[in-house]
>>> print(open('final_34.cif').read())   # mmCIF, C-alpha atoms and all ligand atoms
data_start
#
loop_
_atom_site.label_atom_id
_atom_site.label_comp_id
_atom_site.auth_asym_id
_atom_site.auth_seq_id
_atom_site.Cartn_x
_atom_site.Cartn_y
_atom_site.Cartn_z
CA MET J 1 -2.34 23.60 -8.72
CA ASP J 2 0.46 22.35 -10.94
CA THR J 3 3.40 21.11 -8.90
CA ARG J 4 5.68 18.12 -9.32
CA LEU J 5 3.91 16.44 -6.39
CA VAL J 6 0.47 16.91 -7.94
CA ARG J 7 1.73 15.45 -11.23
CA ASP J 8 3.32 12.43 -9.52
CA PHE J 9 0.24 11.77 -7.36
CA THR J 10 -2.04 12.06 -10.42
CA LYS J 11 0.16 9.77 -12.51
CA LEU J 12 -0.15 6.95 -9.99
CA CYS J 13 -3.95 7.36 -9.95
CA SER J 14 -4.16 7.20 -13.74
CA ASP J 15 -1.68 4.30 -14.01
CA GLY J 16 -3.54 2.32 -11.34
CA TYR J 17 -6.85 2.92 -13.09
CA ALA J 18 -5.32 1.81 -16.42
CA GLN J 19 -4.26 -1.46 -14.74
CA GLY J 20 -7.89 -2.15 -13.78
CA TRP J 21 -7.16 -1.91 -10.06
CA HIS J 22 -9.70 0.87 -9.32
CA GLU J 23 -13.25 -0.05 -10.27
CA ARG J 24 -15.74 2.65 -9.25
CA ASN J 25 -14.33 4.30 -6.09
CA GLY J 26 -12.04 1.37 -5.24
CA GLY J 27 -8.66 2.09 -3.71
CA ASN J 28 -6.99 5.06 -2.03
CA LEU J 29 -3.64 6.81 -1.94
CA SER J 30 -1.87 8.95 0.64
CA TYR J 31 1.41 10.86 0.82
CA ARG J 32 3.21 12.53 3.77
CA MET J 33 4.34 15.88 2.42
CA ARG J 34 7.81 17.39 2.75
CA ASP J 35 8.09 20.84 4.37
CA GLU J 36 9.19 22.44 1.09
CA GLU J 37 6.17 20.92 -0.69
CA VAL J 38 3.88 22.53 1.88
CA GLU J 39 5.68 25.88 1.59
CA GLU J 40 5.34 25.82 -2.19
CA ILE J 41 1.54 25.95 -1.90
CA ARG J 42 1.18 27.65 1.49
CA ASP J 43 -0.88 30.55 0.03
CA LEU J 44 -3.53 28.10 -1.20
CA LEU J 45 -4.11 26.41 2.17
CA ASP J 46 -7.06 27.19 4.43
CA GLU J 47 -5.48 26.94 7.88
CA ASN J 48 -8.79 27.91 9.55
CA ALA J 49 -10.75 24.92 8.29
CA GLU J 50 -12.85 22.93 10.75
CA TRP J 51 -11.16 20.22 12.86
CA ARG J 52 -12.54 16.65 12.71
CA GLU J 53 -11.78 13.43 14.59
CA ILE J 54 -9.41 10.96 12.91
CA GLY J 55 -10.87 8.03 14.88
CA THR J 56 -7.45 6.97 16.14
CA GLU J 57 -4.24 8.58 17.42
CA VAL J 58 -1.13 9.29 15.38
CA PRO J 59 1.01 11.43 17.74
CA ASP J 60 4.17 11.04 15.62
CA LEU J 61 2.37 12.73 12.72
CA LYS J 62 1.41 15.87 14.66
CA ASN J 63 1.29 19.07 12.58
CA GLU J 64 2.15 17.18 9.39
CA TYR J 65 0.41 17.59 6.01
CA PHE J 66 -0.88 14.75 3.81
CA MET J 67 -2.18 14.55 0.27
CA MET J 68 -4.83 11.85 -0.15
CA THR J 69 -7.74 10.71 -2.30
CA GLY J 70 -11.26 11.49 -1.09
CA SER J 71 -13.79 9.02 0.27
CA GLY J 72 -16.11 7.79 -2.50
CA LYS J 73 -13.99 9.47 -5.18
CA TYR J 74 -12.96 7.64 -8.35
CA PHE J 75 -9.26 7.24 -9.30
CA ARG J 76 -10.35 7.73 -12.92
CA ASN J 77 -11.38 11.30 -12.10
CA VAL J 78 -8.22 12.50 -10.35
CA GLU J 79 -6.56 13.53 -13.62
CA LEU J 80 -9.78 15.22 -14.77
CA ASP J 81 -10.43 17.29 -11.63
CA PHE J 82 -7.73 17.11 -8.97
CA GLU J 83 -9.32 19.59 -6.57
CA ASP J 84 -12.65 17.77 -6.54
CA ASN J 85 -11.14 14.35 -5.81
CA VAL J 86 -8.07 14.92 -3.66
CA ALA J 87 -7.54 16.56 -0.26
CA ILE J 88 -4.61 17.96 1.61
CA ILE J 89 -5.15 17.50 5.33
CA ARG J 90 -3.21 18.70 8.36
CA VAL J 91 -3.02 16.68 11.59
CA ASN J 92 -3.34 18.64 14.86
CA GLU J 93 -1.00 19.11 17.84
CA ASP J 94 -1.73 15.76 19.49
CA GLY J 95 -2.46 13.58 16.46
CA THR J 96 -6.17 13.04 17.12
CA LYS J 97 -7.82 15.49 14.67
CA TYR J 98 -7.38 16.67 11.11
CA GLN J 99 -8.54 19.62 9.00
CA ILE J 100 -8.98 19.74 5.22
CA VAL J 101 -6.75 22.64 4.17
CA PHE J 102 -7.06 22.13 0.41
CA GLY J 103 -9.19 20.24 -2.13
CA LEU J 104 -12.47 18.29 -2.00
CA VAL J 105 -13.92 21.56 -3.28
CA ASN J 106 -17.36 20.03 -3.78
CA GLY J 107 -17.44 18.58 -0.29
CA GLY J 108 -16.54 15.20 1.12
CA ARG J 109 -14.08 13.59 3.46
CA PRO J 110 -10.61 12.06 3.05
CA THR J 111 -10.36 8.35 2.17
CA SER J 112 -12.61 5.93 4.07
CA GLU J 113 -9.39 4.11 5.03
CA LEU J 114 -8.03 7.21 6.81
CA PRO J 115 -7.09 5.33 10.03
CA THR J 116 -5.13 2.67 8.10
CA HIS J 117 -3.36 5.26 5.97
CA LEU J 118 -2.35 7.55 8.83
CA MET J 119 -1.39 4.73 11.21
CA ASN J 120 0.68 3.10 8.46
CA LEU J 121 2.33 6.39 7.56
CA GLU J 122 3.23 6.82 11.23
CA VAL J 123 4.78 3.35 11.49
CA LEU J 124 6.63 3.89 8.22
CA LYS J 125 7.98 7.26 9.37
CA GLN J 126 9.33 5.57 12.51
CA ARG J 127 10.92 2.88 10.33
CA ASP J 128 12.43 5.29 7.82
CA PRO J 129 11.70 9.06 7.81
CA GLU J 130 11.74 9.09 4.00
CA MET J 131 8.95 6.51 3.61
CA ARG J 132 6.05 8.70 2.44
CA VAL J 133 3.55 6.77 0.29
CA VAL J 134 0.78 4.32 1.20
CA TYR J 135 -1.21 2.89 -1.71
CA HIS J 136 -4.28 0.63 -1.63
CA CYS J 137 -5.99 -1.01 -4.62
CA HIS J 138 -8.10 -3.98 -5.69
CA PRO J 139 -5.97 -6.06 -8.11
CA ALA J 140 -7.88 -9.08 -9.43
CA ASN J 141 -5.16 -11.75 -9.49
CA THR J 142 -3.95 -11.13 -5.95
CA ILE J 143 -7.54 -11.08 -4.68
CA ALA J 144 -8.25 -14.35 -6.52
CA LEU J 145 -5.30 -15.98 -4.72
CA THR J 146 -6.88 -15.13 -1.36
CA PHE J 147 -9.50 -17.80 -2.15
CA LEU J 148 -6.87 -20.41 -3.03
CA LEU J 149 -3.92 -19.90 -0.68
CA PRO J 150 -4.11 -20.08 3.12
CA CYS J 151 -3.99 -16.81 5.08
CA ASP J 152 -0.36 -17.42 6.02
CA ASP J 153 2.47 -14.90 5.48
CA GLN J 154 5.12 -17.52 4.82
CA ILE J 155 3.13 -19.52 2.26
CA PHE J 156 1.77 -16.44 0.48
CA THR J 157 5.24 -14.91 0.27
CA ARG J 158 6.98 -18.08 -0.87
CA GLU J 159 4.45 -18.82 -3.62
CA ILE J 160 4.71 -15.25 -4.96
CA TRP J 161 8.53 -15.14 -4.65
CA GLU J 162 8.83 -18.31 -6.73
CA MET J 163 6.95 -16.80 -9.67
CA MET J 164 9.59 -14.25 -10.68
CA THR J 165 13.26 -14.13 -9.65
CA GLU J 166 13.04 -10.37 -9.07
CA CYS J 167 10.29 -10.71 -6.45
CA PRO J 168 12.47 -11.60 -3.43
CA ILE J 169 14.83 -8.78 -4.38
CA ILE J 170 11.98 -6.26 -4.58
CA PHE J 171 10.33 -7.35 -1.31
CA PRO J 172 12.88 -9.36 0.71
CA LYS J 173 10.81 -9.13 3.90
CA GLY J 174 7.88 -10.76 2.14
CA ILE J 175 4.13 -10.21 2.15
CA GLY J 176 1.88 -9.91 5.20
CA THR J 177 -1.62 -11.37 5.16
CA VAL J 178 -4.72 -10.02 6.91
CA GLU J 179 -7.74 -12.30 7.27
CA TRP J 180 -11.05 -10.87 6.05
CA MET J 181 -12.46 -8.16 8.28
CA VAL J 182 -14.58 -5.05 8.00
CA PRO J 183 -12.61 -2.31 6.19
CA GLY J 184 -12.37 1.34 7.20
CA GLY J 185 -11.89 0.94 10.94
CA ARG J 186 -9.18 0.84 13.55
CA GLU J 187 -8.97 -2.96 13.90
CA ILE J 188 -7.88 -3.60 10.31
CA ALA J 189 -5.54 -0.60 10.60
CA VAL J 190 -3.82 -2.11 13.64
CA LYS J 191 -3.35 -5.45 11.84
CA THR J 192 -1.93 -3.74 8.78
CA CYS J 193 0.43 -1.63 10.91
CA GLU J 194 1.85 -4.74 12.55
CA ILE J 195 2.84 -5.88 9.06
CA MET J 196 4.19 -2.49 7.96
CA LYS J 197 6.61 -2.43 10.91
CA THR J 198 8.82 -4.77 8.91
CA LYS J 199 7.28 -5.45 5.48
CA ASP J 200 6.29 -3.28 2.49
CA VAL J 201 3.20 -5.20 1.33
CA ALA J 202 0.00 -6.35 3.00
CA VAL J 203 -2.75 -8.41 1.38
CA TRP J 204 -6.25 -7.94 2.75
CA PHE J 205 -8.05 -11.24 2.07
CA HIS J 206 -11.01 -11.03 -0.33
CA HIS J 207 -10.45 -7.26 -0.61
CA GLY J 208 -7.15 -5.96 -1.98
CA MET J 209 -3.58 -4.94 -1.27
CA PHE J 210 -1.58 -2.22 0.50
CA ALA J 211 1.92 -1.24 -0.61
CA CYS J 212 4.23 1.48 0.65
CA GLY J 213 7.25 3.30 -0.73
CA HIS J 214 9.61 6.23 -0.49
CA ASP J 215 7.91 7.64 -3.57
CA PHE J 216 5.00 6.92 -5.91
CA ASP J 217 7.08 4.91 -8.39
CA GLU J 218 8.30 2.58 -5.66
CA ALA J 219 4.83 1.95 -4.22
CA PHE J 220 3.28 1.45 -7.66
CA GLY J 221 6.18 -0.73 -8.87
CA LEU J 222 5.89 -2.94 -5.81
CA MET J 223 2.14 -3.35 -6.32
CA HIS J 224 2.71 -4.12 -10.00
CA ALA J 225 5.37 -6.77 -9.24
CA VAL J 226 3.20 -8.62 -6.69
CA GLU J 227 0.14 -8.50 -8.92
CA LYS J 228 2.05 -9.77 -11.96
CA ALA J 229 3.52 -12.64 -9.93
CA ALA J 230 -0.02 -13.41 -8.70
CA GLU J 231 -1.18 -13.56 -12.32
CA ILE J 232 1.57 -16.07 -13.17
CA LEU J 233 0.73 -18.16 -10.11
CA LEU J 234 -2.94 -18.25 -11.09
CA LYS J 235 -2.00 -19.42 -14.60
CA VAL J 236 0.14 -22.19 -13.12
CA MET J 237 -2.59 -23.19 -10.64
CA SER J 238 -5.22 -23.29 -13.35
CA VAL J 239 -3.17 -26.03 -15.05
CA SER J 240 -1.86 -28.01 -12.09
CA ASP J 241 -1.70 -28.05 -8.31
CA ARG J 242 2.00 -28.99 -8.51
CA LYS J 243 5.03 -27.44 -10.14
CA LEU J 244 7.38 -29.57 -12.24
CA GLN J 245 10.31 -27.43 -11.04
CA THR J 246 10.77 -24.14 -9.24
CA ILE J 247 13.31 -21.93 -7.46
CA THR J 248 14.61 -23.86 -4.46
CA PRO J 249 15.38 -22.51 -0.96
CA GLU J 250 19.10 -22.87 -1.84
CA GLY J 251 18.48 -20.85 -5.00
CA PHE J 252 16.86 -18.06 -3.00
CA ARG J 253 19.81 -18.02 -0.58
CA GLU J 254 22.19 -17.64 -3.52
CA ILE J 255 20.32 -14.50 -4.57
CA GLU J 256 21.13 -12.78 -1.25
CA PRO J 257 24.84 -11.92 -1.71
CA ALA J 258 24.43 -11.20 -5.41
CA SER J 259 21.62 -8.69 -4.77
CA ASN J 260 22.69 -7.49 -1.33
CA VAL J 261 19.36 -8.42 0.30
CA LYS J 262 18.50 -10.46 3.36
CA LEU J 263 15.43 -12.60 2.79
CA ASP J 264 13.01 -13.56 5.53
CA GLU J 265 14.43 -17.02 6.23
CA SER J 266 11.12 -18.29 7.68
CA CYS J 267 9.72 -18.28 4.12
CA LEU J 268 12.45 -20.63 2.87
CA TYR J 269 10.96 -23.78 4.41
CA GLU J 270 11.49 -27.21 2.83
CA ARG J 271 8.38 -28.38 0.97
CA VAL J 272 6.98 -31.75 1.89
CA ASP J 273 4.99 -32.77 -1.19
CA GLY J 274 5.59 -29.97 -3.72
CA ARG J 275 1.95 -28.98 -3.76
CA ILE J 276 1.14 -25.31 -4.29
CA GLY J 277 -0.12 -23.60 -1.15
CA ARG J 278 1.30 -26.17 1.28
CA LYS J 279 4.40 -26.15 3.41
O1 LIG U 1 -13.55 2.23 -1.77
O2 LIG U 1 -11.03 0.64 -1.45
O3 LIG U 1 -11.19 -0.11 1.08
C1 LIG U 1 -12.33 2.54 -1.22
C2 LIG U 1 -11.74 1.29 -0.73
C3 LIG U 1 -12.02 0.89 0.64
ZN ZN U 2 -10.43 -1.27 -0.71
#
>>> encode(input="final_34.cif", output="structure tokens")
Amino acid sequence: MDTRLVRDFTKLCSDGYAQGWHERNGGNLSYRMRDEEVEEIRDLLDENAEWREIGTEVPDLKNEYFMMTGSGKYFRNVELDFEDNVAIIRVNEDGTKYQIVFGLVNGGRPTSELPTHLMNLEVLKQRDPEMRVVYHCHPANTIALTFLLPCDDQIFTREIWEMMTECPIIFPKGIGTVEWMVPGGREIAVKTCEIMKTKDVAVWFHHGMFACGHDFDEAFGLMHAVEKAAEILLKVMSVSDRKLQTITPEGFREIEPASNVKLDESCLYERVDGRIGRK
């Protein structure tokens, strides 16, 4: 299958692997397909495939089609054998079941994070019908920060924003944090969805990151920006627990009119002692 969508999906998988964000079978990617993208490959779809339980309900995604990586599959292998590693699934009439209509030709199931992906895609669709991509990976610098910063949206966001002037412009609503919990289930999906109602990035402590976007470039670019800022912050923290100077709350507010963004004001608190990771 050689369509624009397959090429774009594959490119993200290869680029993410090249960044070192997908050791072994780490990470997963999903995309809510457009009607014309389904029509383009309609002849290749097995509409009689067996129905399976999603494990949660996504009524606003009924009858929709999704492209996603397979459970236990390696991002490295997507470009080598797309049909072995990727699935297209269809959600049923009431949003409780799915069938694999294409791919995973050697067996398997869609991503182990299926509930988080589908529930996030549902929330994102409600937010903006053109939001279509949910991307999860294991980037080392961001994960390292989850051992050094408190699990606090405002502090995590502010520390990352300060590292690169572009950060608040790229994610003005900030970063959501999810304390460590067992992955793969409904509980972590619900927590992540709460974040995705307003924000584009969620950090799962001691695990990895979720980013969303209208398209693959946007989701990947957002992930890349957060992870690079995390790398800078780690370099700073490995030298000192204080900054000599930084972008001030007033500075951030001056960015707003110039870039036509509205920052989450709760992240622009006044610092008491200038120490990294404290309010
Ligand atoms: O192995 O990243 O969170 C896939 C994952 C699960
Ligand atoms: Zn993971």
>>> residues_around(input="final_34.cif", residues="His117 of chain J", least_positions_apart="3", cutoff="9 Å", atoms="all atoms listed in the file", output="number ranges by chain")
J: 28-31, 111, 113-114, 120-122, 134-136, 189
>>> residues_near_ligand(input="final_34.cif", ligand="ligand ZN 2 (chain U)", cutoff="7 Å", atoms="only C-alpha atoms and all ligand atoms", output="ChimeraX atom specification")
/J:26-27,136-138,207-208
>>> closest_residue(input="final_34.cif", among="J:Thr3, J:Thr10, J:Asn260, J:Ser266", to="Phe216 of chain J", atoms="all atoms listed in the file")
J:Thr10
>>> closest_residue(input="final_34.cif", among="J:Met1, J:Glu166, J:Leu118, J:Ser14", to="Phe220 of chain J", atoms="only C-alpha atoms")
J:Ser14
>>> atom_distance(input="final_34.cif", atom1="atom CA of Glu187 of chain J", atom2="atom CA of Tyr17 of chain J")
27.7 Å
>>> residues_near_point(input="final_34.cif", point="(11.1, 8.0, 4.9)", cutoff="12 Å", atoms="all atoms listed in the file", output="list in words")
Tyr31, Arg32, Met33, Arg34, Leu121, Glu122, Val123, Leu124, Lys125, Gln126, Arg127, Asp128, Pro129, Glu130, Met131, Arg132, Val133, Val134, Cys212, Gly213, His214 and Asp215 of chain J
>>> residues_around(input="final_34.cif", residues="segment 233-249 of chain J", least_positions_apart="5", cutoff="10 Å", atoms="only C-alpha atoms", output="count of residues only")
27
>>> atom_distance(input="final_34.cif", atom1="atom CA of Glu250 of chain J", atom2="atom CA of Ala202 of chain J")
25.7 Å
>>> closest_residue(input="final_34.cif", among="J:Glu93, J:Asp84, J:Asp264, J:Glu256", to="Gln154 of chain J", atoms="all atoms listed in the file")
J:Asp264
>>> closest_residue(input="final_34.cif", among="J:Phe75, J:Phe82, J:Tyr98, J:Phe210", to="Thr56 of chain J", atoms="all atoms listed in the file")
J:Tyr98
>>> axis_aligned_box(input="final_34.cif", around="segment 111-123 of chain J", padding_each_side="4 Å", output="lines of an AutoDock Vina configuration file")
center_x = -3.9
center_y = 5.5
center_z = 6.8
size_x = 25.4
size_y = 13.7
size_z = 17.3
>>> atom_distance(input="final_34.cif", atom1="atom CA of Asp152 of chain J", atom2="atom CA of His22 of chain J")
25.6 Å
>>> residues_around(input="final_34.cif", residues="Trp204 of chain J", least_positions_apart="3", cutoff="9 Å", atoms="all atoms listed in the file", output="PyMOL selection string")
chain J and resi 143+146+176-181+188+192+207-210
>>> residues_around(input="final_34.cif", residues="Glu53 of chain J", least_positions_apart="3", cutoff="12 Å", atoms="only C-alpha atoms", output="list in words")
Glu50, Thr56, Glu57, Val58, Arg90, Val91, Asn92, Asp94, Gly95, Thr96, Lys97, Tyr98, Gln99, Ile100, Arg109, Pro110, Leu114 and Pro115 of chain J
>>> closest_residue(input="final_34.cif", among="J:Ile41, J:Ile89, J:Val182, J:Leu263", to="ligand LIG 1 (chain U)", atoms="all atoms listed in the file")
J:Val182
>>> closest_residue(input="final_34.cif", among="J:Lys197, J:Arg42, J:Arg4, J:His206", to="ligand LIG 1 (chain U)", atoms="all atoms listed in the file")
J:His206
>>> build_atoms(input="final_34.cif", residues="segment 220-241 of chain J", atoms="N, CA, C and O atoms", output="PDB file, keeping the file's coordinate frame")
ATOM      1  N   PHE J 220       3.988   2.004  -6.499  1.00  0.00           N
ATOM      2  CA  PHE J 220       3.280   1.450  -7.660  1.00  0.00           C
ATOM      3  C   PHE J 220       4.032   0.240  -8.216  1.00  0.00           C
ATOM      4  O   PHE J 220       3.437  -0.794  -8.538  1.00  0.00           O
ATOM      5  N   GLY J 221       5.367   0.360  -8.320  1.00  0.00           N
ATOM      6  CA  GLY J 221       6.180  -0.730  -8.870  1.00  0.00           C
ATOM      7  C   GLY J 221       6.073  -1.989  -8.030  1.00  0.00           C
ATOM      8  O   GLY J 221       6.017  -3.106  -8.559  1.00  0.00           O
ATOM      9  N   LEU J 222       6.022  -1.804  -6.717  1.00  0.00           N
ATOM     10  CA  LEU J 222       5.890  -2.940  -5.810  1.00  0.00           C
ATOM     11  C   LEU J 222       4.533  -3.620  -6.015  1.00  0.00           C
ATOM     12  O   LEU J 222       4.430  -4.852  -6.134  1.00  0.00           O
ATOM     13  N   MET J 223       3.484  -2.819  -6.075  1.00  0.00           N
ATOM     14  CA  MET J 223       2.140  -3.350  -6.320  1.00  0.00           C
ATOM     15  C   MET J 223       2.108  -4.129  -7.636  1.00  0.00           C
ATOM     16  O   MET J 223       1.577  -5.238  -7.719  1.00  0.00           O
ATOM     17  N   HIS J 224       2.704  -3.539  -8.659  1.00  0.00           N
ATOM     18  CA  HIS J 224       2.710  -4.120 -10.000  1.00  0.00           C
ATOM     19  C   HIS J 224       3.433  -5.468 -10.003  1.00  0.00           C
ATOM     20  O   HIS J 224       2.983  -6.440 -10.628  1.00  0.00           O
ATOM     21  N   ALA J 225       4.574  -5.534  -9.278  1.00  0.00           N
ATOM     22  CA  ALA J 225       5.370  -6.770  -9.240  1.00  0.00           C
ATOM     23  C   ALA J 225       4.583  -7.886  -8.551  1.00  0.00           C
ATOM     24  O   ALA J 225       4.537  -9.023  -9.044  1.00  0.00           O
ATOM     25  N   VAL J 226       3.962  -7.584  -7.411  1.00  0.00           N
ATOM     26  CA  VAL J 226       3.200  -8.620  -6.690  1.00  0.00           C
ATOM     27  C   VAL J 226       2.029  -9.085  -7.543  1.00  0.00           C
ATOM     28  O   VAL J 226       1.769 -10.287  -7.683  1.00  0.00           O
ATOM     29  N   GLU J 227       1.323  -8.138  -8.141  1.00  0.00           N
ATOM     30  CA  GLU J 227       0.140  -8.500  -8.920  1.00  0.00           C
ATOM     31  C   GLU J 227       0.517  -9.302 -10.154  1.00  0.00           C
ATOM     32  O   GLU J 227      -0.195 -10.240 -10.538  1.00  0.00           O
ATOM     33  N   LYS J 228       1.641  -8.974 -10.792  1.00  0.00           N
ATOM     34  CA  LYS J 228       2.050  -9.770 -11.960  1.00  0.00           C
ATOM     35  C   LYS J 228       2.429 -11.188 -11.542  1.00  0.00           C
ATOM     36  O   LYS J 228       2.061 -12.161 -12.200  1.00  0.00           O
ATOM     37  N   ALA J 229       3.164 -11.312 -10.429  1.00  0.00           N
ATOM     38  CA  ALA J 229       3.520 -12.640  -9.930  1.00  0.00           C
ATOM     39  C   ALA J 229       2.259 -13.430  -9.586  1.00  0.00           C
ATOM     40  O   ALA J 229       2.178 -14.638  -9.831  1.00  0.00           O
ATOM     41  N   ALA J 230       1.257 -12.746  -9.025  1.00  0.00           N
ATOM     42  CA  ALA J 230      -0.020 -13.410  -8.700  1.00  0.00           C
ATOM     43  C   ALA J 230      -0.693 -13.916  -9.975  1.00  0.00           C
ATOM     44  O   ALA J 230      -1.289 -14.999  -9.993  1.00  0.00           O
ATOM     45  N   GLU J 231      -0.596 -13.141 -11.040  1.00  0.00           N
ATOM     46  CA  GLU J 231      -1.180 -13.560 -12.320  1.00  0.00           C
ATOM     47  C   GLU J 231      -0.496 -14.833 -12.827  1.00  0.00           C
ATOM     48  O   GLU J 231      -1.151 -15.773 -13.287  1.00  0.00           O
ATOM     49  N   ILE J 232       0.836 -14.884 -12.713  1.00  0.00           N
ATOM     50  CA  ILE J 232       1.570 -16.070 -13.170  1.00  0.00           C
ATOM     51  C   ILE J 232       1.173 -17.276 -12.321  1.00  0.00           C
ATOM     52  O   ILE J 232       0.913 -18.364 -12.838  1.00  0.00           O
ATOM     53  N   LEU J 233       1.094 -17.055 -11.003  1.00  0.00           N
ATOM     54  CA  LEU J 233       0.730 -18.160 -10.110  1.00  0.00           C
ATOM     55  C   LEU J 233      -0.661 -18.706 -10.449  1.00  0.00           C
ATOM     56  O   LEU J 233      -0.878 -19.922 -10.480  1.00  0.00           O
ATOM     57  N   LEU J 234      -1.592 -17.800 -10.723  1.00  0.00           N
ATOM     58  CA  LEU J 234      -2.940 -18.250 -11.090  1.00  0.00           C
ATOM     59  C   LEU J 234      -2.922 -19.067 -12.373  1.00  0.00           C
ATOM     60  O   LEU J 234      -3.650 -20.057 -12.504  1.00  0.00           O
ATOM     61  N   LYS J 235      -2.112 -18.665 -13.342  1.00  0.00           N
ATOM     62  CA  LYS J 235      -2.000 -19.420 -14.600  1.00  0.00           C
ATOM     63  C   LYS J 235      -1.456 -20.822 -14.318  1.00  0.00           C
ATOM     64  O   LYS J 235      -1.957 -21.815 -14.857  1.00  0.00           O
ATOM     65  N   VAL J 236      -0.440 -20.892 -13.455  1.00  0.00           N
ATOM     66  CA  VAL J 236       0.140 -22.190 -13.120  1.00  0.00           C
ATOM     67  C   VAL J 236      -0.914 -23.046 -12.401  1.00  0.00           C
ATOM     68  O   VAL J 236      -1.128 -24.214 -12.738  1.00  0.00           O
ATOM     69  N   MET J 237      -1.602 -22.435 -11.430  1.00  0.00           N
ATOM     70  CA  MET J 237      -2.590 -23.190 -10.640  1.00  0.00           C
ATOM     71  C   MET J 237      -3.777 -23.631 -11.469  1.00  0.00           C
ATOM     72  O   MET J 237      -4.433 -24.617 -11.144  1.00  0.00           O
ATOM     73  N   SER J 238      -4.064 -22.883 -12.535  1.00  0.00           N
ATOM     74  CA  SER J 238      -5.220 -23.290 -13.350  1.00  0.00           C
ATOM     75  C   SER J 238      -4.878 -24.497 -14.226  1.00  0.00           C
ATOM     76  O   SER J 238      -5.772 -25.093 -14.820  1.00  0.00           O
ATOM     77  N   VAL J 239      -3.582 -24.851 -14.291  1.00  0.00           N
ATOM     78  CA  VAL J 239      -3.170 -26.030 -15.050  1.00  0.00           C
ATOM     79  C   VAL J 239      -2.890 -27.203 -14.118  1.00  0.00           C
ATOM     80  O   VAL J 239      -3.210 -28.347 -14.418  1.00  0.00           O
ATOM     81  N   SER J 240      -2.281 -26.914 -12.969  1.00  0.00           N
ATOM     82  CA  SER J 240      -1.860 -28.010 -12.090  1.00  0.00           C
ATOM     83  C   SER J 240      -1.786 -27.521 -10.645  1.00  0.00           C
ATOM     84  O   SER J 240      -1.596 -26.329 -10.410  1.00  0.00           O
ATOM     85  N   ASP J 241      -1.898 -28.439  -9.706  1.00  0.00           N
ATOM     86  CA  ASP J 241      -1.700 -28.050  -8.310  1.00  0.00           C
ATOM     87  C   ASP J 241      -0.275 -28.351  -7.861  1.00  0.00           C
ATOM     88  O   ASP J 241       0.048 -28.233  -6.697  1.00  0.00           O
TER      89      ASP J 241
END
